[in-house]
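Undergrad: Just dropping this structure here.
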Amino acid sequence: MTEDKAKATVTTDFEPNIVAFLCNWCSYAGADLAGTSRIQYPANVKVIRVMCSGRVNPLFVMNALQQGADGVLVSGCHPGDCHYMHGNYYARRRFTLMRDFLEYLGVEPERFRASWVSASEGSKWKEVIEEVVEGVKSVGPMDQFKRRQLNW
């Protein structure tokens, strides 16, 4: 079997491991609404609840990738609706730079995503998760930074 065929076989059966940092006030509540409304979305996401998307340190993203995540999602309140006034503006600037830094390191852009989901947008949460999972599936498993594998 050639290497291309072996890689194609691996990626079709591949189920990515996604770590999501969600704002307590909006995105986490939106994910909760999706769950209580019984909206079906991929179960590939491990949620980490943070008080504000502006408090997500870029090192958290790097650490998640090093620890075995295939992709990372940071989600918060819509710009202008932050419970901490300007937190999501700081997050937006920070993660624009983070995306460029990851690209410099050779990490595909599909592995990192920032989104804005409010507490009343359970269906948008589903769409965001599906897009993230499909994006990560398209690039395959993340093997670049792995030092050790954690069971999350």
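Every chain in the structure tokens takes a letter, A first, then B, and so on in the order presented; its residues are numbered from 1, and the ligands are numbered from 1 following the presented order.
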I'd like a table as a tab-separated table: residues in segment 58-144 of chain A with an atom no more than 6 Å from segment 15-34 of chain A, each row giving the shortest atom pair and its distance in Å to one decimal, only C-alpha atoms counted, sorted by chain and rising residue number.

TA:
```
residue	atom	partner	partner_atom	distance
A:Ala69	CA	A:Asn17	CA	5.2
A:Asp70	CA	A:Asn17	CA	5.2
A:Gly71	CA	A:Ile18	CA	4.8
A:Val72	CA	A:Val19	CA	4.9
A:Leu73	CA	A:Ala20	CA	4.5
A:Val74	CA	A:Phe21	CA	4.8
A:Ser75	CA	A:Leu22	CA	5.0
A:Gly76	CA	A:Cys23	CA	4.7
A:Cys77	CA	A:Cys26	CA	5.2
A:Val117	CA	A:Ser27	CA	5.0
A:Ser118	CA	A:Cys26	CA	4.5
A:Ala119	CA	A:Gly30	CA	4.1
A:Ser120	CA	A:Gly30	CA	5.7
A:Glu121	CA	A:Gly30	CA	5.4
A:Gly122	CA	A:Ala34	CA	4.2
```

Undergrad: Mind the document's chain letters and residue numbers, and return as a VMD selection string the residues of chain A that DSSP labels helix (DSSP H, G or I).

TA: chain A and resid 3 to 12 27 to 36 53 to 55 58 to 66 87 to 105 109 to 111 122 to 139

Undergrad: Please produce a file of the residues just selected, as a PDB file, in the first residue's frame, where the atoms kept are C-alpha atoms.

TA:
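Output below, filename again-v4.pdb:
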```pdb
ATOM      1  CA  GLU A   3       1.897   6.127   1.618  1.00  0.00           C
ATOM      2  CA  ASP A   4      -0.860   8.298   0.071  1.00  0.00           C
ATOM      3  CA  LYS A   5      -3.400   5.469   0.291  1.00  0.00           C
ATOM      4  CA  ALA A   6      -2.404   4.720   3.896  1.00  0.00           C
ATOM      5  CA  LYS A   7      -2.775   8.395   4.828  1.00  0.00           C
ATOM      6  CA  ALA A   8      -6.183   8.582   3.127  1.00  0.00           C
ATOM      7  CA  THR A   9      -7.346   5.522   5.079  1.00  0.00           C
ATOM      8  CA  VAL A  10      -6.200   7.056   8.367  1.00  0.00           C
ATOM      9  CA  THR A  11      -7.900  10.422   7.754  1.00  0.00           C
ATOM     10  CA  THR A  12     -11.271   8.943   6.766  1.00  0.00           C
ATOM     11  CA  SER A  27     -20.761  30.709  24.592  1.00  0.00           C
ATOM     12  CA  TYR A  28     -20.999  28.228  27.455  1.00  0.00           C
ATOM     13  CA  ALA A  29     -24.671  29.159  27.891  1.00  0.00           C
ATOM     14  CA  GLY A  30     -25.188  28.748  24.119  1.00  0.00           C
ATOM     15  CA  ALA A  31     -23.628  25.279  24.246  1.00  0.00           C
ATOM     16  CA  ASP A  32     -25.825  24.474  27.232  1.00  0.00           C
ATOM     17  CA  LEU A  33     -28.895  25.663  25.298  1.00  0.00           C
ATOM     18  CA  ALA A  34     -27.949  23.385  22.404  1.00  0.00           C
ATOM     19  CA  GLY A  35     -27.728  20.477  24.810  1.00  0.00           C
ATOM     20  CA  THR A  36     -31.005  21.183  26.608  1.00  0.00           C
ATOM     21  CA  SER A  53     -12.646  34.849  26.250  1.00  0.00           C
ATOM     22  CA  GLY A  54     -10.287  37.761  26.967  1.00  0.00           C
ATOM     23  CA  ARG A  55      -8.756  35.707  29.789  1.00  0.00           C
ATOM     24  CA  PRO A  58      -2.381  32.047  23.978  1.00  0.00           C
ATOM     25  CA  LEU A  59      -0.207  29.599  25.904  1.00  0.00           C
ATOM     26  CA  PHE A  60      -3.410  27.692  26.737  1.00  0.00           C
ATOM     27  CA  VAL A  61      -3.866  27.107  23.000  1.00  0.00           C
ATOM     28  CA  MET A  62      -0.272  25.984  22.551  1.00  0.00           C
ATOM     29  CA  ASN A  63      -0.498  23.695  25.585  1.00  0.00           C
ATOM     30  CA  ALA A  64      -3.706  22.092  24.312  1.00  0.00           C
ATOM     31  CA  LEU A  65      -2.018  21.328  20.976  1.00  0.00           C
ATOM     32  CA  GLN A  66       1.077  19.983  22.739  1.00  0.00           C
ATOM     33  CA  GLY A  87     -12.686  41.342  27.099  1.00  0.00           C
ATOM     34  CA  ASN A  88     -13.716  40.035  23.704  1.00  0.00           C
ATOM     35  CA  TYR A  89     -11.977  42.942  21.951  1.00  0.00           C
ATOM     36  CA  TYR A  90      -8.744  41.932  23.694  1.00  0.00           C
ATOM     37  CA  ALA A  91      -9.382  38.312  22.727  1.00  0.00           C
ATOM     38  CA  ARG A  92      -9.989  39.242  19.087  1.00  0.00           C
ATOM     39  CA  ARG A  93      -6.681  41.115  18.858  1.00  0.00           C
ATOM     40  CA  ARG A  94      -4.780  38.457  20.756  1.00  0.00           C
ATOM     41  CA  PHE A  95      -6.037  35.584  18.636  1.00  0.00           C
ATOM     42  CA  THR A  96      -5.483  37.373  15.348  1.00  0.00           C
ATOM     43  CA  LEU A  97      -1.816  37.419  16.341  1.00  0.00           C
ATOM     44  CA  MET A  98      -2.072  33.834  17.612  1.00  0.00           C
ATOM     45  CA  ARG A  99      -3.333  32.627  14.243  1.00  0.00           C
ATOM     46  CA  ASP A 100      -0.312  34.242  12.535  1.00  0.00           C
ATOM     47  CA  PHE A 101       2.059  32.738  15.112  1.00  0.00           C
ATOM     48  CA  LEU A 102       0.628  29.241  14.649  1.00  0.00           C
ATOM     49  CA  GLU A 103       0.946  29.604  10.883  1.00  0.00           C
ATOM     50  CA  TYR A 104       4.593  30.632  11.370  1.00  0.00           C
ATOM     51  CA  LEU A 105       5.127  27.437  13.385  1.00  0.00           C
ATOM     52  CA  PRO A 109      -5.108  27.528  10.129  1.00  0.00           C
ATOM     53  CA  GLU A 110      -7.978  25.017  10.294  1.00  0.00           C
ATOM     54  CA  ARG A 111      -6.713  23.852  13.699  1.00  0.00           C
ATOM     55  CA  GLY A 122     -27.730  27.085  20.420  1.00  0.00           C
ATOM     56  CA  SER A 123     -28.142  26.381  16.708  1.00  0.00           C
ATOM     57  CA  LYS A 124     -25.167  28.619  15.869  1.00  0.00           C
ATOM     58  CA  TRP A 125     -23.104  26.631  18.395  1.00  0.00           C
ATOM     59  CA  LYS A 126     -23.948  23.483  16.451  1.00  0.00           C
ATOM     60  CA  GLU A 127     -22.846  25.094  13.172  1.00  0.00           C
ATOM     61  CA  VAL A 128     -19.574  26.341  14.674  1.00  0.00           C
ATOM     62  CA  ILE A 129     -18.728  22.901  16.094  1.00  0.00           C
ATOM     63  CA  GLU A 130     -19.526  21.173  12.797  1.00  0.00           C
ATOM     64  CA  GLU A 131     -17.305  23.643  10.905  1.00  0.00           C
ATOM     65  CA  VAL A 132     -14.426  23.200  13.356  1.00  0.00           C
ATOM     66  CA  VAL A 133     -14.647  19.390  13.275  1.00  0.00           C
ATOM     67  CA  GLU A 134     -14.797  19.306   9.468  1.00  0.00           C
ATOM     68  CA  GLY A 135     -11.873  21.743   9.204  1.00  0.00           C
ATOM     69  CA  VAL A 136      -9.714  19.631  11.500  1.00  0.00           C
ATOM     70  CA  LYS A 137     -10.749  16.408   9.756  1.00  0.00           C
ATOM     71  CA  SER A 138      -9.632  17.912   6.442  1.00  0.00           C
ATOM     72  CA  VAL A 139      -6.055  18.369   7.696  1.00  0.00           C
TER      73      VAL A 139
END
```

Undergrad: Kindly give the distance, in Å, that separates atom CA of Gly140 of chain A and atom CA of Arg49 of chain A, rounded to a single decimal.

TA: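 That distance, rounded to one decimal, is 26.1 Å.
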
Undergrad: For atom CA of Asp81 of chain A and atom CA of Val56 of chain A, determine how far apart the two atoms are, in Å to one decimal place.

TA: 17.3 Å

Undergrad: Give me every strand (DSSP E or B) residue in segment 35-69 of chain A, going by DSSP on the backbone, as a CSV table (one decimal) with C-alpha atoms, in the first residue's frame.

TA:
```
chain,number,residue,atom,x,y,z
A,45,VAL,CA,-15.4,18.8,21.8
A,46,LYS,CA,-14.0,18.9,25.3
A,47,VAL,CA,-15.2,22.2,26.9
A,48,ILE,CA,-13.2,24.3,29.3
A,49,ARG,CA,-15.3,27.0,30.9
A,50,VAL,CA,-13.6,30.4,31.4
```

Undergrad: Record the distance separating atom CA of His83 of chain A and atom CA of Tyr41 of chain A, expressed in Å with one decimal.

TA: 26.9 Å
